[in-house]
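Enquirer: Provided herewith is a single structure, encoded as structure tokens, for subsequent inquiry.
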Amino acid sequence: MHFSELGLGPEVLRAVEEVGYTSPTPIQEKAIPWVLQGRDVLGCAQTGTGKTASFTLPMIEILAQGRAKARMPRSLILEPTRELAAQVAENFELYGKYNKLNMALLIGGESFGDQIKKLERGVDVLIATPGRMMDLFDRGNILLTDIKILVIDEADRMLDMGFIPDIERIVGLLPKIRQTLFFSATMPPEIKRLADQFLLNPREVTVAPPASPAATVTQALVVVDEMDKRQALRHFLKTDDVKNAFIFCNRKKDVATLHQSLVKHGFNAGALHGDMVQSKRTETLEAFKTGKLDLLVCSDVAARGIDISGVSHVFNFDVPFHAEDYVHRIGRTGRAGKSGRAFSIASPDDGKLVLAIEKLIGKEIPRVLVDGLESPELEFEEGGRRRRGRGAAAPKKDKAEVHRPEPRRHQDRRPRDQGEDVVADSPEMDAAPRASAEARPPRSESRDRRDYREDRRGDERRDDRRDDRRRRREDQDDDRTPVIGFGDDVPAFILRAARPPKPAEPDPAEPEV
DNA sequence: AAAAAAT
């Protein structure tokens, strides 16, 4: 199947060709002809399937005829997050290169002025998040009477985010005669109801979810005490050949503190969450995309849909609250047939969350150990009583067998504070051999621990048991090589540890347009 | 529980 067989015009085809794609993905192949015929489409597809181009390409084609009048856009695309909206806008720019279409991106956090100016000039394509869209409408800057095509993207996520009332209101303002394209990764009853309400005799297009990340992404999980999480993360960052990575936190404030901590440790990291100024969000994401930033510490704002090719790792600094988010997060790597690695850092309290994830993905996430860090067992609450178990398996006696040599090309990217010229603020716990814990001046204490304690200042729930453990650890011999030891139950992972396995399915590598 | 989205 070739793009030229879908009924797209020469301008669009030329743009597609220049980007380097020759054959459409399944959803593009199925949906584009229907869209071109003016039919409503109900698309059941996730990001990563080429979904975006399945509506942008035919829309460019359709909108190439005719011209927009001032304030009367001819099409409207609704997206759940600002970043996704921006991504769709880029898509239009890319493929609309040879069709002169006017486009406006209406998202919050950016000045009204420019957006209003564009609307005044007349736009063919309006790409918006619901809040800003309604705001501008209520101010009288948009007339929706000329909308010919409506796209509702990621409907299930809109539902999760509580946007459905907004969406219903917006759709109520549109002409009844129009073409509607409705996409959702899942079809729960509430979404089905919406689809019935918005669509007229739609063609249903369903594509299998892209090879589940569970198959294309090598996963591992470490259980450490809450206060050791940063050190565990840094260990992975330095020893696992990390080219670039998403690092997910559950809370915005933790995104900020972890980001600061990583920067202090010399990592080239940026931060992204929904409370940041939009200009910073855009700038940071762009820097990460173009490789100016190696690491992106982020909240779940970036968990879904964000498409950056060639991300080598995903780290869950926190185990996500919702199991589905785990799948979305690790799906940021291992894209387009490439391999990816995902490490999750759990604290003992995360037992239930880990179980939920393993149930969802249908397998156990291989446990790993970080040398030098104690790995407590996961705890599960059951009927008020605590049951423990299924943490990491006991470390292997024979370390040599599972020893992974300290890598190599990371050395040059490594924070400068490693080694002898350790300065006062220098944090790395293992940086230099030291005497006993008692003999050490307080400032050589790990920064993490200080930060951690500062975070918890005033929090009386300090756990003496932990202090004991900590002392024991600090007394340990210090000239150890950081190694990941693997639990007994995961021999396959050990064998492949140095090189991620090929995806289970030799992915046909359908180019995503 | 948290995060997302309008100011």
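Within each chain, counting starts at residue 1; across the structure tokens, chains are named A, B, ... in the order shown, with ligands numbered 1 upward in that order.
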Excluding DA5 in chain B and residues on its chain fewer than 5 positions from it, collect all residues at most 10 Å away from it, counting only C-alpha atoms (C1' of nucleotides), and give them as a ChimeraX atom specification.
Expert: /A:80-82,107-108,129-132,158,161-163,274
Enquirer: Save the residues we just selected, all heavy atoms, as a JSON list (two decimals), in the first residue's frame?
Expert:
[["chain", "number", "residue", "atom", "x", "y", "z"],
["A", 80, "PRO", "N", -6.62, 17.31, 24.55],
["A", 80, "PRO", "CA", -6.67, 17.43, 26.01],
["A", 80, "PRO", "C", -5.53, 18.23, 26.64],
["A", 80, "PRO", "O", -5.73, 18.86, 27.67],
["A", 80, "PRO", "CB", -6.63, 15.97, 26.49],
["A", 80, "PRO", "CG", -6.02, 15.22, 25.38],
["A", 80, "PRO", "CD", -6.35, 15.93, 24.12],
["A", 81, "THR", "N", -4.37, 18.20, 26.06],
["A", 81, "THR", "CA", -3.28, 18.97, 26.68],
["A", 81, "THR", "C", -2.66, 19.94, 25.67],
["A", 81, "THR", "O", -2.75, 19.76, 24.46],
["A", 81, "THR", "CB", -2.13, 18.07, 27.22],
["A", 81, "THR", "OG1", -1.46, 17.46, 26.12],
["A", 81, "THR", "CG2", -2.65, 17.01, 28.17],
["A", 82, "ARG", "N", -2.02, 20.92, 26.21],
["A", 82, "ARG", "CA", -1.39, 21.95, 25.36],
["A", 82, "ARG", "C", -0.32, 21.35, 24.48],
["A", 82, "ARG", "O", -0.18, 21.70, 23.31],
["A", 82, "ARG", "CB", -0.78, 23.02, 26.24],
["A", 82, "ARG", "CG", -1.81, 23.75, 27.08],
["A", 82, "ARG", "CD", -1.14, 24.64, 28.08],
["A", 82, "ARG", "NE", -2.10, 25.29, 28.96],
["A", 82, "ARG", "CZ", -1.75, 26.05, 29.99],
["A", 82, "ARG", "NH1", -0.47, 26.25, 30.26],
["A", 82, "ARG", "NH2", -2.66, 26.61, 30.74],
["A", 107, "ILE", "N", -4.28, 27.74, 22.89],
["A", 107, "ILE", "CA", -4.04, 27.03, 24.14],
["A", 107, "ILE", "C", -3.81, 28.04, 25.26],
["A", 107, "ILE", "O", -3.46, 29.20, 25.00],
["A", 107, "ILE", "CB", -2.81, 26.09, 24.05],
["A", 107, "ILE", "CG1", -1.56, 26.86, 23.67],
["A", 107, "ILE", "CG2", -3.06, 24.98, 23.06],
["A", 107, "ILE", "CD1", -0.31, 26.03, 23.64],
["A", 108, "GLY", "N", -4.05, 27.60, 26.46],
["A", 108, "GLY", "CA", -3.88, 28.49, 27.60],
["A", 108, "GLY", "C", -2.42, 28.83, 27.82],
["A", 108, "GLY", "O", -1.52, 28.23, 27.23],
["A", 129, "THR", "N", -7.17, 23.59, 23.09],
["A", 129, "THR", "CA", -7.57, 22.91, 24.32],
["A", 129, "THR", "C", -8.89, 23.56, 24.74],
["A", 129, "THR", "O", -9.09, 24.75, 24.48],
["A", 129, "THR", "CB", -6.49, 23.05, 25.42],
["A", 129, "THR", "OG1", -6.05, 24.40, 25.48],
["A", 129, "THR", "CG2", -5.31, 22.16, 25.13],
["A", 130, "PRO", "N", -9.75, 22.81, 25.41],
["A", 130, "PRO", "CA", -11.12, 23.31, 25.63],
["A", 130, "PRO", "C", -11.21, 24.64, 26.39],
["A", 130, "PRO", "O", -12.02, 25.50, 26.02],
["A", 130, "PRO", "CB", -11.78, 22.18, 26.44],
["A", 130, "PRO", "CG", -11.01, 20.96, 26.11],
["A", 130, "PRO", "CD", -9.61, 21.42, 25.87],
["A", 131, "GLY", "N", -10.41, 24.81, 27.43],
["A", 131, "GLY", "CA", -10.54, 26.00, 28.26],
["A", 131, "GLY", "C", -10.34, 27.30, 27.48],
["A", 131, "GLY", "O", -11.19, 28.19, 27.50],
["A", 132, "ARG", "N", -9.23, 27.39, 26.77],
["A", 132, "ARG", "CA", -8.93, 28.61, 26.04],
["A", 132, "ARG", "C", -9.93, 28.83, 24.90],
["A", 132, "ARG", "O", -10.35, 29.94, 24.62],
["A", 132, "ARG", "CB", -7.50, 28.55, 25.50],
["A", 132, "ARG", "CG", -7.09, 29.75, 24.68],
["A", 132, "ARG", "CD", -7.23, 31.07, 25.42],
["A", 132, "ARG", "NE", -6.33, 31.25, 26.54],
["A", 132, "ARG", "CZ", -5.18, 31.91, 26.49],
["A", 132, "ARG", "NH1", -4.77, 32.43, 25.36],
["A", 132, "ARG", "NH2", -4.45, 32.03, 27.57],
["A", 158, "MET", "N", -9.92, 13.04, 27.68],
["A", 158, "MET", "CA", -10.74, 14.22, 27.98],
["A", 158, "MET", "C", -11.71, 13.88, 29.11],
["A", 158, "MET", "O", -11.98, 14.69, 29.99],
["A", 158, "MET", "CB", -11.54, 14.63, 26.75],
["A", 158, "MET", "CG", -10.67, 14.96, 25.57],
["A", 158, "MET", "SD", -10.61, 16.71, 25.27],
["A", 158, "MET", "CE", -10.22, 16.74, 23.53],
["A", 161, "MET", "N", -10.05, 13.81, 32.40],
["A", 161, "MET", "CA", -9.67, 15.13, 32.86],
["A", 161, "MET", "C", -10.88, 16.02, 33.14],
["A", 161, "MET", "O", -10.72, 17.21, 33.43],
["A", 161, "MET", "CB", -8.74, 15.79, 31.84],
["A", 161, "MET", "CG", -7.39, 15.10, 31.81],
["A", 161, "MET", "SD", -6.35, 15.58, 30.42],
["A", 161, "MET", "CE", -6.01, 17.27, 30.84],
["A", 162, "GLY", "N", -12.05, 15.46, 33.00],
["A", 162, "GLY", "CA", -13.25, 16.23, 33.31],
["A", 162, "GLY", "C", -13.63, 17.25, 32.27],
["A", 162, "GLY", "O", -14.31, 18.23, 32.56],
["A", 163, "PHE", "N", -13.21, 17.04, 31.03],
["A", 163, "PHE", "CA", -13.49, 18.01, 29.97],
["A", 163, "PHE", "C", -14.81, 17.77, 29.26],
["A", 163, "PHE", "O", -15.21, 18.56, 28.41],
["A", 163, "PHE", "CB", -12.39, 17.94, 28.90],
["A", 163, "PHE", "CG", -11.15, 18.65, 29.30],
["A", 163, "PHE", "CD1", -9.97, 18.44, 28.61],
["A", 163, "PHE", "CD2", -11.15, 19.54, 30.36],
["A", 163, "PHE", "CE1", -8.81, 19.09, 28.97],
["A", 163, "PHE", "CE2", -10.00, 20.20, 30.73],
["A", 163, "PHE", "CZ", -8.82, 19.97, 30.03],
["A", 274, "GLY", "N", 2.50, 20.92, 34.77],
["A", 274, "GLY", "CA", 1.42, 21.80, 34.36],
["A", 274, "GLY", "C", 1.35, 23.14, 35.06],
["A", 274, "GLY", "O", 0.60, 24.02, 34.64]]
Enquirer: Mind listing the helix (DSSP H, G or I) residues of range 140-300 of chain A, per DSSP on the backbone, as a PyMOL selection string?
Expert: chain A and resi 155-160+164-172+189-198+213-216+226-239+252-264+278-289+300
Enquirer: Residues of range 199-356 of chain A classed as strand (DSSP E) by DSSP on the backbone are to be reported as an MDAnalysis selection string.
Expert: chainID A and resid 203:206 217:223 245:248 269:272 295:298 313:316 340:346
Enquirer: Skipping near chain neighbours, those fewer than 3 positions away, what residues fall within 10 Å of His259 in chain A using only C-alpha atoms (C1' of nucleotides), listed as a PyMOL selection string?
Expert: chain A and resi 247+253-256+262-265+267-272+295-298
